[in-house]
file work_38.csv (CSV, C-alpha atoms)
chain,number,residue,atom,x,y,z
A,1,MET,CA,-12.7,76.6,-3.0
A,2,GLY,CA,-12.6,73.3,-1.1
A,3,ALA,CA,-12.6,69.6,-1.8
A,4,SER,CA,-15.7,70.0,-3.9
A,5,ASN,CA,-13.5,70.8,-6.8
A,6,LEU,CA,-12.9,67.1,-7.1
A,7,THR,CA,-16.5,66.9,-8.5
A,8,ALA,CA,-15.1,68.5,-11.6
A,9,ALA,CA,-14.2,65.5,-13.7
A,10,THR,CA,-11.0,66.9,-15.3
A,11,TYR,CA,-9.7,68.3,-12.0
A,12,TYR,CA,-10.3,64.9,-10.3
A,13,ALA,CA,-8.7,63.0,-13.2
A,14,CYS,CA,-5.6,65.2,-13.3
A,15,MET,CA,-5.2,65.1,-9.5
A,16,LEU,CA,-5.4,61.3,-9.6
A,17,ILE,CA,-2.8,61.1,-12.4
A,18,ARG,CA,-0.4,63.4,-10.6
A,19,CYS,CA,-0.7,61.7,-7.2
A,20,ASN,CA,-0.4,58.2,-8.7
A,21,ALA,CA,2.7,59.2,-10.7
A,22,LEU,CA,4.5,60.3,-7.5
A,23,ALA,CA,3.2,57.5,-5.2
A,24,LYS,CA,4.5,54.7,-7.4
A,25,ILE,CA,8.0,56.0,-7.5
A,26,PRO,CA,10.4,54.5,-4.9
A,27,PHE,CA,12.9,56.8,-3.2
A,28,LYS,CA,16.3,55.3,-2.5
A,29,ILE,CA,19.4,56.3,-0.6
A,30,TYR,CA,22.7,56.5,-2.5
A,31,GLN,CA,26.3,57.2,-1.6
A,32,SER,CA,28.5,59.0,-4.1
A,33,ASP,CA,32.3,58.7,-4.0
A,34,GLY,CA,32.9,61.4,-6.7
A,35,GLU,CA,33.1,58.8,-9.5
A,36,GLY,CA,29.8,57.2,-9.2
A,37,ALA,CA,26.9,56.4,-6.8
A,38,GLU,CA,26.0,53.1,-5.1
A,39,GLN,CA,22.6,52.3,-3.5
A,40,LEU,CA,22.7,51.7,0.3
A,41,SER,CA,20.6,48.9,1.5
A,42,ASP,CA,21.6,49.1,5.2
A,43,HIS,CA,20.8,52.7,6.1
A,44,PRO,CA,18.2,53.1,8.9
A,45,LEU,CA,16.0,55.4,6.8
A,46,ARG,CA,15.6,52.8,4.0
A,47,GLU,CA,12.8,50.9,5.7
A,48,LEU,CA,10.9,54.2,6.3
A,49,ILE,CA,11.0,55.8,2.9
A,50,LYS,CA,10.7,52.5,0.9
A,51,PHE,CA,8.1,50.5,2.9
A,52,ARG,CA,6.4,52.2,5.9
A,53,PRO,CA,7.1,55.7,7.1
A,54,ASN,CA,4.9,55.2,10.1
A,55,PRO,CA,2.8,52.4,11.6
A,56,PHE,CA,-0.4,53.6,9.9
A,57,MET,CA,0.6,54.2,6.3
A,58,SER,CA,2.4,52.4,3.5
A,59,ALA,CA,4.9,54.3,1.6
A,60,HIS,CA,2.5,54.5,-1.4
A,61,ASP,CA,-0.3,55.9,0.7
A,62,PHE,CA,2.0,58.3,2.5
A,63,MET,CA,3.4,59.8,-0.7
A,64,TRP,CA,0.0,59.9,-2.4
A,65,ALA,CA,-1.5,61.9,0.5
A,66,THR,CA,1.6,64.2,0.5
A,67,GLU,CA,1.3,65.0,-3.2
A,68,PHE,CA,-2.5,65.5,-2.9
A,69,GLN,CA,-2.0,68.1,-0.1
A,70,ARG,CA,0.8,69.8,-2.0
A,71,ILE,CA,-1.4,70.3,-5.0
A,72,GLU,CA,-4.7,70.9,-3.3
A,73,TYR,CA,-3.6,73.2,-0.6
A,74,GLY,CA,-0.3,74.5,-2.0
A,75,ASN,CA,1.8,73.0,0.8
A,76,ALA,CA,2.5,69.6,2.3
A,77,PHE,CA,4.3,69.0,5.6
A,78,TRP,CA,6.1,66.1,7.3
A,79,MET,CA,7.2,65.8,10.9
A,80,TYR,CA,9.4,63.1,12.3
A,81,ASP,CA,10.1,61.3,15.6
A,82,PHE,CA,13.7,61.3,16.5
A,83,HIS,CA,14.8,58.8,19.2
A,84,GLY,CA,17.9,56.8,20.0
A,85,GLY,CA,20.0,58.8,17.5
A,86,LYS,CA,17.8,58.1,14.5
A,87,ILE,CA,14.5,58.9,12.9
A,88,GLN,CA,11.9,56.3,14.1
A,89,SER,CA,8.8,57.4,12.0
A,90,ILE,CA,7.6,60.1,9.7
A,91,TYR,CA,4.0,61.6,9.8
A,92,PRO,CA,2.2,63.9,7.4
A,93,LEU,CA,0.6,67.0,8.9
A,94,TYR,CA,-2.8,68.2,7.7
A,95,SER,CA,-1.9,71.3,5.7
A,96,PRO,CA,-4.9,73.5,6.5
A,97,LYS,CA,-4.0,73.3,10.2
A,98,VAL,CA,-0.4,74.5,9.6
A,99,GLN,CA,0.5,78.1,9.8
A,100,ILE,CA,3.9,79.3,8.4
A,101,ILE,CA,5.5,81.9,10.7
A,102,ILE,CA,8.5,84.1,9.7
A,103,ASP,CA,10.0,85.3,12.9
A,104,ASP,CA,11.3,88.8,12.1
A,105,GLU,CA,11.1,89.9,15.7
A,106,SER,CA,13.2,87.1,17.3
A,107,LEU,CA,10.1,85.9,19.2
A,108,PHE,CA,11.2,82.3,19.2
A,109,GLY,CA,15.0,82.8,19.4
A,110,SER,CA,16.3,83.4,15.8
A,111,LYS,CA,15.5,86.4,13.8
A,112,ASN,CA,14.0,85.9,10.3
A,113,ALA,CA,13.8,82.1,11.0
A,114,VAL,CA,10.8,80.1,9.7
A,115,TYR,CA,8.6,78.2,12.1
A,116,TYR,CA,5.5,76.1,11.7
A,117,LEU,CA,2.5,76.4,14.0
A,118,TYR,CA,0.4,73.3,14.0
A,119,ASN,CA,-3.1,73.1,15.6
A,120,ASP,CA,-3.1,69.5,16.9
A,121,ASN,CA,-6.5,68.1,17.9
A,122,LYS,CA,-5.0,66.3,21.0
A,123,HIS,CA,-2.1,68.5,22.1
A,124,GLY,CA,-3.3,72.0,21.0
A,125,LYS,CA,-0.9,74.4,19.2
A,126,ILE,CA,2.6,73.1,18.6
A,127,ILE,CA,5.5,75.2,17.2
A,128,TYR,CA,8.1,73.3,15.1
A,129,PRO,CA,11.4,74.9,14.0
A,130,SER,CA,12.1,74.6,10.3
A,131,ASP,CA,14.7,71.8,10.7
A,132,LYS,CA,12.0,69.5,12.2
A,133,ILE,CA,9.5,69.9,9.4
A,134,LEU,CA,9.8,68.9,5.8
A,135,HIS,CA,8.0,71.4,3.6
A,136,PHE,CA,7.0,70.6,0.1
A,137,LYS,CA,5.6,73.6,-1.9
A,138,ASN,CA,3.6,74.0,-5.1
A,139,PHE,CA,4.0,77.3,-7.1
A,140,ALA,CA,5.9,79.1,-4.3
A,141,ALA,CA,6.3,82.5,-5.8
A,142,ASN,CA,8.2,83.8,-2.7
A,143,GLY,CA,10.0,80.5,-2.1
A,144,ILE,CA,8.3,80.1,1.4
A,145,VAL,CA,4.6,79.6,0.9
A,146,GLY,CA,3.1,77.6,-1.9
A,147,LYS,CA,-0.2,78.2,-3.7
A,148,PRO,CA,-2.7,75.5,-4.8
A,149,ILE,CA,-3.4,75.0,-8.5
A,150,LYS,CA,-7.1,75.8,-7.9
A,151,HIS,CA,-6.1,79.3,-6.8
A,152,TYR,CA,-5.2,80.2,-10.4
A,153,LEU,CA,-7.9,78.0,-12.0
A,154,TYR,CA,-11.0,79.1,-10.2
A,155,ASP,CA,-12.9,80.4,-13.3
A,156,VAL,CA,-11.8,77.4,-15.5
A,157,ILE,CA,-12.9,74.9,-12.9
A,158,MET,CA,-16.2,76.6,-12.4
A,159,GLN,CA,-16.8,76.5,-16.2
A,160,GLU,CA,-16.4,72.8,-16.1
A,161,LYS,CA,-18.8,72.5,-13.2
A,162,TYR,CA,-21.4,74.6,-15.1
A,163,ALA,CA,-20.9,72.4,-18.2
A,164,GLN,CA,-21.5,69.3,-16.1
A,165,ASN,CA,-24.6,70.8,-14.6
A,166,VAL,CA,-25.9,71.6,-18.1
A,167,VAL,CA,-25.5,67.9,-19.2
A,168,LYS,CA,-27.0,66.7,-15.9
A,169,GLU,CA,-30.1,68.9,-16.3
A,170,ARG,CA,-30.5,67.7,-19.9
A,171,TYR,CA,-30.5,64.1,-18.8
A,172,LYS,CA,-32.7,64.8,-15.9
A,173,LYS,CA,-35.3,66.3,-18.3
A,174,GLY,CA,-35.0,63.3,-20.6
A,175,LEU,CA,-33.0,65.3,-23.2
A,176,GLN,CA,-36.2,67.4,-23.8
A,177,ASP,CA,-35.8,70.9,-25.0
A,178,PRO,CA,-37.6,73.7,-23.1
A,179,ILE,CA,-41.1,74.4,-24.3
A,180,ILE,CA,-43.2,77.5,-24.8
A,181,VAL,CA,-46.9,77.1,-23.9
A,182,THR,CA,-49.4,79.5,-25.6
A,183,TYR,CA,-52.7,79.7,-23.8
A,184,VAL,CA,-55.8,81.6,-25.0
A,185,GLY,CA,-57.5,83.3,-22.1
A,186,ASP,CA,-56.9,85.0,-18.8
A,187,LEU,CA,-53.6,83.9,-17.2
A,188,SER,CA,-53.4,84.8,-13.5
A,189,SER,CA,-50.3,84.2,-11.4
A,190,ASP,CA,-51.9,81.2,-9.7
A,191,LYS,CA,-52.9,79.7,-13.0
A,192,LYS,CA,-49.5,80.3,-14.5
A,193,VAL,CA,-47.9,78.3,-11.6
A,194,LYS,CA,-50.3,75.5,-12.1
A,195,ILE,CA,-49.6,75.3,-15.9
A,196,GLN,CA,-45.8,75.3,-15.2
A,197,LYS,CA,-46.1,72.4,-12.7
A,198,ARG,CA,-48.4,70.5,-15.0
A,199,PHE,CA,-46.0,70.5,-17.9
A,200,GLU,CA,-43.0,70.0,-15.7
A,201,SER,CA,-44.5,66.8,-14.5
A,202,MET,CA,-45.1,65.6,-18.1
A,203,GLY,CA,-41.3,65.9,-18.9
A,204,GLY,CA,-38.3,64.3,-17.4
A,205,VAL,CA,-36.6,60.9,-17.9
A,206,GLN,CA,-39.6,58.9,-16.7
A,207,ASN,CA,-41.8,60.3,-19.5
A,208,ALA,CA,-39.1,60.1,-22.3
A,209,GLY,CA,-40.6,58.6,-25.4
A,210,LYS,CA,-44.2,58.5,-24.0
A,211,VAL,CA,-47.3,60.0,-25.6
A,212,ILE,CA,-48.4,63.0,-23.5
A,213,PRO,CA,-52.0,64.3,-23.9
A,214,ILE,CA,-52.2,68.1,-24.3
A,215,PRO,CA,-55.5,70.1,-23.7
A,216,SER,CA,-56.9,71.6,-26.9
A,217,ASP,CA,-56.7,75.2,-25.5
A,218,PHE,CA,-52.8,75.0,-25.3
A,219,ASP,CA,-50.4,75.6,-28.2
A,220,ILE,CA,-47.0,73.9,-27.6
A,221,LYS,CA,-43.8,75.0,-29.3
A,222,THR,CA,-40.3,73.8,-28.6
A,223,LEU,CA,-37.4,76.2,-27.9
A,224,GLN,CA,-34.5,74.7,-29.8
A,225,THR,CA,-31.2,74.6,-27.7
A,226,ASN,CA,-28.8,72.6,-29.8
A,227,LEU,CA,-25.6,71.9,-27.9
A,228,VAL,CA,-23.7,71.5,-31.2
A,229,SER,CA,-24.8,74.8,-32.5
A,230,ASN,CA,-23.8,76.5,-29.3
A,231,GLN,CA,-20.3,75.0,-29.6
A,232,PHE,CA,-20.8,73.4,-26.2
A,233,PHE,CA,-18.4,70.5,-26.8
A,234,GLU,CA,-15.7,72.7,-28.3
A,235,LEU,CA,-15.8,75.0,-25.3
A,236,ASN,CA,-15.9,72.1,-22.9
A,237,GLY,CA,-12.9,70.5,-24.6
A,238,LEU,CA,-11.0,73.8,-24.3
A,239,THR,CA,-11.8,74.0,-20.6
A,240,THR,CA,-10.5,70.4,-20.2
A,241,ARG,CA,-7.2,71.3,-22.0
A,242,HIS,CA,-6.8,74.4,-19.8
A,243,ILE,CA,-7.0,72.3,-16.6
A,244,ALA,CA,-4.8,69.5,-18.0
A,245,ASN,CA,-2.1,72.0,-19.0
A,246,ALA,CA,-2.1,73.5,-15.5
A,247,PHE,CA,-1.4,70.1,-14.1
A,248,GLY,CA,1.1,69.2,-16.8
A,249,VAL,CA,-1.0,66.2,-17.8
A,250,LYS,CA,-0.9,65.0,-21.4
A,251,SER,CA,-4.0,64.6,-23.5
A,252,PHE,CA,-3.7,60.8,-23.9
A,253,GLN,CA,-3.8,60.4,-20.1
A,254,LEU,CA,-7.3,61.9,-20.2
A,255,ASN,CA,-8.3,59.4,-22.9
A,256,ASP,CA,-8.2,62.2,-25.6
A,257,MET,CA,-6.8,60.0,-28.4
A,258,GLU,CA,-7.8,62.4,-31.2
A,259,LYS,CA,-4.2,63.2,-32.3
A,260,SER,CA,-2.4,60.3,-30.6
A,261,THR,CA,-0.6,57.4,-32.1
A,262,TYR,CA,1.3,54.5,-30.5
A,263,SER,CA,4.6,56.2,-31.2
A,264,ASN,CA,3.7,59.7,-30.0
A,265,ILE,CA,2.0,58.3,-26.9
A,266,THR,CA,5.4,56.9,-25.9
A,267,GLU,CA,7.0,60.3,-26.5
A,268,GLN,CA,4.2,62.1,-24.6
A,269,ASN,CA,4.7,59.7,-21.6
A,270,LYS,CA,8.4,60.6,-21.6
A,271,ALA,CA,7.5,64.3,-21.8
A,272,PHE,CA,5.2,63.9,-18.9
A,273,TYR,CA,8.2,62.6,-16.9
A,274,SER,CA,10.7,65.1,-18.1
A,275,ASP,CA,8.5,68.2,-18.2
A,276,THR,CA,6.2,67.7,-15.3
A,277,MET,CA,7.3,65.1,-12.8
A,278,GLN,CA,11.1,65.5,-12.9
A,279,ASN,CA,10.8,68.9,-11.3
A,280,VAL,CA,8.5,67.5,-8.7
A,281,PHE,CA,11.0,64.7,-7.9
A,282,THR,CA,13.8,67.3,-7.6
A,283,GLY,CA,11.9,69.2,-5.0
A,284,TYR,CA,11.2,66.1,-2.9
A,285,GLU,CA,14.8,64.8,-3.3
A,286,GLN,CA,16.4,68.0,-2.1
A,287,GLU,CA,14.1,68.5,0.9
A,288,MET,CA,14.4,64.9,2.0
A,289,THR,CA,18.2,64.8,1.6
A,290,TYR,CA,18.6,68.0,3.6
A,291,LYS,CA,16.1,67.3,6.4
A,292,LEU,CA,16.2,63.5,6.8
A,293,LEU,CA,19.9,62.9,6.4
A,294,THR,CA,22.4,64.2,8.9
A,295,THR,CA,25.1,66.7,8.1
A,296,GLU,CA,27.7,63.9,8.5
A,297,ASP,CA,25.7,61.7,6.1
A,298,ARG,CA,25.7,64.5,3.5
A,299,LYS,CA,29.5,65.1,4.0
A,300,GLN,CA,30.0,61.4,3.2
A,301,GLY,CA,28.2,61.7,-0.1
A,302,LEU,CA,24.8,60.3,0.9
A,303,PHE,CA,21.7,61.6,-0.9
A,304,ILE,CA,18.1,60.5,-1.5
A,305,GLU,CA,16.9,60.1,-5.1
A,306,ALA,CA,13.7,59.1,-6.8
A,307,ASN,CA,14.0,56.0,-9.0
A,308,ALA,CA,12.2,57.4,-12.0
A,309,ASP,CA,13.0,54.4,-14.1
A,310,VAL,CA,9.9,52.8,-12.7
A,311,MET,CA,7.7,55.5,-14.5
A,312,LEU,CA,9.5,54.9,-17.8
A,313,ARG,CA,9.5,51.1,-17.5
A,314,THR,CA,8.8,49.8,-21.0
A,315,ASP,CA,7.8,46.4,-22.3
A,316,LEU,CA,10.1,43.4,-21.7
A,317,LEU,CA,11.5,43.3,-25.3
A,318,SER,CA,12.5,47.0,-25.2
A,319,ARG,CA,14.2,46.5,-21.8
A,320,MET,CA,16.1,43.5,-23.0
A,321,GLN,CA,17.3,45.3,-26.1
A,322,ALA,CA,18.5,48.2,-24.0
A,323,TYR,CA,20.3,45.9,-21.5
A,324,THR,CA,22.0,44.1,-24.4
A,325,THR,CA,23.3,47.3,-25.9
A,326,ALA,CA,24.5,48.6,-22.5
A,327,VAL,CA,26.2,45.3,-21.5
A,328,ASN,CA,27.9,44.8,-24.9
A,329,GLY,CA,29.0,48.4,-24.9
A,330,GLY,CA,30.7,48.0,-21.5
A,331,VAL,CA,28.3,50.5,-19.9
A,332,MET,CA,26.5,48.1,-17.5
A,333,GLN,CA,27.3,44.8,-15.9
A,334,ILE,CA,25.2,41.8,-16.4
A,335,ALA,CA,24.6,41.7,-12.7
A,336,GLU,CA,23.3,45.3,-12.8
A,337,ALA,CA,20.8,44.4,-15.5
A,338,ARG,CA,19.7,41.3,-13.6
A,339,ARG,CA,19.3,43.3,-10.4
A,340,ARG,CA,17.0,45.8,-12.3
A,341,GLU,CA,14.8,42.8,-13.2
A,342,ASN,CA,14.9,41.4,-9.7
A,343,LEU,CA,16.8,38.3,-10.8
A,344,LYS,CA,19.3,36.5,-8.6
A,345,PHE,CA,23.0,37.3,-8.7
A,346,ILE,CA,25.2,34.9,-10.7
A,347,PRO,CA,28.9,34.8,-9.7
A,348,GLY,CA,31.1,36.2,-12.5
A,349,THR,CA,28.5,38.6,-13.9
A,350,ASP,CA,29.7,41.6,-11.9
A,351,ARG,CA,32.4,42.5,-14.5
A,352,LEU,CA,32.2,44.9,-17.4
A,353,ILE,CA,32.6,43.1,-20.8
A,354,LEU,CA,33.0,44.4,-24.3
A,355,GLY,CA,31.8,42.7,-27.4
A,356,ASN,CA,29.1,40.3,-28.5
A,357,GLY,CA,28.9,36.5,-28.3
A,358,ALA,CA,32.7,36.3,-28.0
A,359,ALA,CA,32.7,39.0,-25.2
A,360,ILE,CA,35.5,39.1,-22.7
A,361,PRO,CA,35.8,41.2,-19.5
A,362,LEU,CA,37.4,44.6,-19.9
A,363,ASP,CA,40.3,43.8,-17.6
A,364,ASP,CA,41.1,40.7,-19.7
A,365,LEU,CA,41.1,42.7,-23.0
A,366,GLY,CA,44.2,42.0,-25.0
A,367,LYS,CA,45.1,38.7,-23.4
A,368,GLN,CA,44.0,36.8,-26.4
A,369,TYR,CA,46.8,38.3,-28.4
A,370,ASN,CA,49.6,37.5,-25.9
A,371,GLY,CA,49.0,33.8,-25.1
A,372,GLY,CA,46.8,34.8,-22.2
A,373,GLU,CA,49.3,37.3,-20.8
A,374,THR,CA,49.1,41.0,-21.0
A,375,THR,CA,52.2,43.1,-21.7

call {"tool": "encode", "arguments": {"input": "work_38.csv", "output": "structure tokens"}}
result
Amino acid sequence: MGASNLTAATYYACMLIRCNALAKIPFKIYQSDGEGAEQLSDHPLRELIKFRPNPFMSAHDFMWATEFQRIEYGNAFWMYDFHGGKIQSIYPLYSPKVQIIIDDESLFGSKNAVYYLYNDNKHGKIIYPSDKILHFKNFAANGIVGKPIKHYLYDVIMQEKYAQNVVKERYKKGLQDPIIVTYVGDLSSDKKVKIQKRFESMGGVQNAGKVIPIPSDFDIKTLQTNLVSNQFFELNGLTTRHIANAFGVKSFQLNDMEKSTYSNITEQNKAFYSDTMQNVFTGYEQEMTYKLLTTEDRKQGLFIEANADVMLRTDLLSRMQAYTTAVNGGVMQIAEARRRENLKFIPGTDRLILGNGAAIPLDDLGKQYNGGETT
């Protein structure tokens, strides 16, 4: 099964939804001090993972291609250039050209180590040790090699293709049902072929709705093939749901609004994040943190995390209400809320407050009862 699976409408739509969902999420570098985490804006990797991993790809295109290969081929791979004590660029490898090798004979130095053999068009076969390759897996039953979704959906995807071909042929024939031609007289093989060709030329889209003359020695009957009676649409809908379920895609994302309302669409969107994409983000975060950051970085509490708030970003009114609750409750600084909305910093807003219109900073709490002085 190759890229032709994308001709199946549901498979294509689900692939697009999953790849877009990952590609629009920014990955950021944070440092934890045991009490909280702060985003780092001056780390050398920031420019690579946020804007441009290599000279040829934006971060969006890079992550989109990675997720596509992870789902389509079961595995996605990155390799990086390391010069001058830091990573200069990151490149995706074409998954079908990568072979995973478990060295249980110490052929390359370490027993039971994992190596990656890449068949490069320019440089031939190149062997990379596991610490030089970032490996993202899909449905890795053994934890080493991933499997593509299509491996488990072959029959279901083929059913959708067959259904599309049925509709295609119906339109091609002008939505005309098959006909049975009764002919009185001798019917040799040659004459049978001529009759078939003659009536086939009378059908099709170009003759839809036209008056077609029939010779008097022919008796024409229509063979009824009603798609509704054959439960075609029910079966096709079942196939669509099977493929969507395998991708973790919700029905409203495929424009199936039969049982959807405004409120449950919001909940379904949250469920898509928590049930489907959160696990995907975790896999990326752990691999990127371990392979792109140094041991010293990790010891200092540095880690890479997906900013999933982008996916759940709601309308302006809902965001403002949430910020107001968080700020008045002393959970978030005004400066933090403004930063999330890409607004400029205002001096004095980087303090936690408690209250409403008469709010005061937390560290000034109680001064109003002591003439401005705390006891």

call {"tool": "residues_around", "arguments": {"input": "work_38.csv", "residues": "Arg339 in chain A", "least_positions_apart": "5", "cutoff": "12 Å", "atoms": "only C-alpha atoms", "output": "count of residues only"}}
result
10

call {"tool": "atom_distance", "arguments": {"input": "work_38.csv", "atom1": "CA of Lys270 in chain A", "atom2": "CA of Arg70 in chain A"}}
result
22.9 Å

call {"tool": "residues_around", "arguments": {"input": "work_38.csv", "residues": "range 11-18 of chain A", "least_positions_apart": "2", "cutoff": "12 Å", "atoms": "all atoms listed in the file", "output": "PyMOL selection string"}}
result
chain A and resi 3-9+20-25+63-72+148-150+153-154+156-161+239-255+269+272-273+276-278+280-281+311

call {"tool": "residues_around", "arguments": {"input": "work_38.csv", "residues": "Asp120 in chain A", "least_positions_apart": "5", "cutoff": "12 Å", "atoms": "all atoms listed in the file", "output": "MDAnalysis selection string"}}
result
chainID A and resid 93:99 125:128

call {"tool": "atom_distance", "arguments": {"input": "work_38.csv", "atom1": "CA of Leu352 in chain A", "atom2": "CA of Gly330 in chain A"}}
result
5.4 Å

call {"tool": "atom_distance", "arguments": {"input": "work_38.csv", "atom1": "CA of Ala271 in chain A", "atom2": "CA of Lys147 in chain A"}}
result
24.1 Å

call {"tool": "residues_around", "arguments": {"input": "work_38.csv", "residues": "Leu292 in chain A", "least_positions_apart": "5", "cutoff": "9 Å", "atoms": "all atoms listed in the file", "output": "NGL selection string"}}
result
:A and (45 or 80 or 87 or 134 or 287)

call {"tool": "write_last_selection", "arguments": {"input": "work_38.csv", "atoms": "C-alpha atoms", "output": "compact mmCIF listing (two decimals), in the coordinates of the input"}}
result
# COMPACT_ATOMS: atom_id res chain seq x y z
CA LEU A 45 16.00 55.40 6.80
CA TYR A 80 9.40 63.10 12.30
CA ILE A 87 14.50 58.90 12.90
CA LEU A 134 9.80 68.90 5.80
CA GLU A 287 14.10 68.50 0.90

call {"tool": "closest_residue", "arguments": {"input": "work_38.csv", "among": "A:Ala308, A:Leu354, A:Leu343, A:Ile101", "to": "Val327 in chain A", "atoms": "all atoms listed in the file"}}
result
A:Leu354

call {"tool": "closest_residue", "arguments": {"input": "work_38.csv", "among": "A:Leu317, A:Leu48, A:Ala326, A:Leu40", "to": "Asp81 in chain A", "atoms": "all atoms listed in the file"}}
result
A:Leu48

call {"tool": "residues_around", "arguments": {"input": "work_38.csv", "residues": "Phe62 in chain A", "least_positions_apart": "6", "cutoff": "9 Å", "atoms": "only C-alpha atoms", "output": "PyMOL selection string"}}
result
chain A and resi 23+52-54+91-92

call {"tool": "build_atoms", "arguments": {"input": "work_38.csv", "residues": "range 29-47 of chain A", "atoms": "N, CA and C atoms", "output": "PDB file, keeping the file's coordinate frame"}}
result
ATOM      1  N   ILE A  29      18.243  55.573  -1.140  1.00  0.00           N
ATOM      2  CA  ILE A  29      19.400  56.300  -0.600  1.00  0.00           C
ATOM      3  C   ILE A  29      20.657  55.805  -1.287  1.00  0.00           C
ATOM      4  N   TYR A  30      21.434  56.766  -1.760  1.00  0.00           N
ATOM      5  CA  TYR A  30      22.700  56.500  -2.500  1.00  0.00           C
ATOM      6  C   TYR A  30      23.845  57.137  -1.801  1.00  0.00           C
ATOM      7  N   GLN A  31      25.020  56.614  -2.117  1.00  0.00           N
ATOM      8  CA  GLN A  31      26.300  57.200  -1.600  1.00  0.00           C
ATOM      9  C   GLN A  31      27.178  57.452  -2.825  1.00  0.00           C
ATOM     10  N   SER A  32      27.632  58.697  -2.978  1.00  0.00           N
ATOM     11  CA  SER A  32      28.500  59.000  -4.100  1.00  0.00           C
ATOM     12  C   SER A  32      29.955  59.152  -3.575  1.00  0.00           C
ATOM     13  N   ASP A  33      30.884  58.625  -4.379  1.00  0.00           N
ATOM     14  CA  ASP A  33      32.300  58.700  -4.000  1.00  0.00           C
ATOM     15  C   ASP A  33      33.039  59.667  -4.963  1.00  0.00           C
ATOM     16  N   GLY A  34      32.298  60.448  -5.725  1.00  0.00           N
ATOM     17  CA  GLY A  34      32.900  61.400  -6.700  1.00  0.00           C
ATOM     18  C   GLY A  34      33.034  60.806  -8.062  1.00  0.00           C
ATOM     19  N   GLU A  35      33.023  59.491  -8.182  1.00  0.00           N
ATOM     20  CA  GLU A  35      33.100  58.800  -9.500  1.00  0.00           C
ATOM     21  C   GLU A  35      31.837  58.150  -9.890  1.00  0.00           C
ATOM     22  N   GLY A  36      31.027  57.848  -8.935  1.00  0.00           N
ATOM     23  CA  GLY A  36      29.800  57.200  -9.200  1.00  0.00           C
ATOM     24  C   GLY A  36      28.966  57.084  -7.910  1.00  0.00           C
ATOM     25  N   ALA A  37      27.785  56.502  -7.983  1.00  0.00           N
ATOM     26  CA  ALA A  37      26.900  56.400  -6.800  1.00  0.00           C
ATOM     27  C   ALA A  37      26.475  54.934  -6.656  1.00  0.00           C
ATOM     28  N   GLU A  38      26.381  54.501  -5.413  1.00  0.00           N
ATOM     29  CA  GLU A  38      26.000  53.100  -5.100  1.00  0.00           C
ATOM     30  C   GLU A  38      24.784  53.187  -4.130  1.00  0.00           C
ATOM     31  N   GLN A  39      23.783  52.357  -4.387  1.00  0.00           N
ATOM     32  CA  GLN A  39      22.600  52.300  -3.500  1.00  0.00           C
ATOM     33  C   GLN A  39      22.964  51.674  -2.185  1.00  0.00           C
ATOM     34  N   LEU A  40      22.468  52.272  -1.092  1.00  0.00           N
ATOM     35  CA  LEU A  40      22.700  51.700   0.300  1.00  0.00           C
ATOM     36  C   LEU A  40      21.474  50.952   0.702  1.00  0.00           C
ATOM     37  N   SER A  41      21.689  49.731   1.098  1.00  0.00           N
ATOM     38  CA  SER A  41      20.600  48.900   1.500  1.00  0.00           C
ATOM     39  C   SER A  41      20.522  48.716   3.054  1.00  0.00           C
ATOM     40  N   ASP A  42      21.514  49.259   3.770  1.00  0.00           N
ATOM     41  CA  ASP A  42      21.600  49.100   5.200  1.00  0.00           C
ATOM     42  C   ASP A  42      21.394  50.344   6.005  1.00  0.00           C
ATOM     43  N   HIS A  43      20.965  51.418   5.344  1.00  0.00           N
ATOM     44  CA  HIS A  43      20.800  52.700   6.100  1.00  0.00           C
ATOM     45  C   HIS A  43      19.472  52.625   6.860  1.00  0.00           C
ATOM     46  N   PRO A  44      19.446  53.177   8.082  1.00  0.00           N
ATOM     47  CA  PRO A  44      18.200  53.100   8.900  1.00  0.00           C
ATOM     48  C   PRO A  44      17.001  53.730   8.275  1.00  0.00           C
ATOM     49  N   LEU A  45      17.169  54.718   7.395  1.00  0.00           N
ATOM     50  CA  LEU A  45      16.000  55.400   6.800  1.00  0.00           C
ATOM     51  C   LEU A  45      15.394  54.548   5.652  1.00  0.00           C
ATOM     52  N   ARG A  46      16.110  53.552   5.164  1.00  0.00           N
ATOM     53  CA  ARG A  46      15.600  52.800   4.000  1.00  0.00           C
ATOM     54  C   ARG A  46      14.257  52.197   4.231  1.00  0.00           C
ATOM     55  N   GLU A  47      14.059  51.573   5.383  1.00  0.00           N
ATOM     56  CA  GLU A  47      12.800  50.900   5.700  1.00  0.00           C
ATOM     57  C   GLU A  47      11.641  51.960   5.708  1.00  0.00           C
TER      58      GLU A  47
END
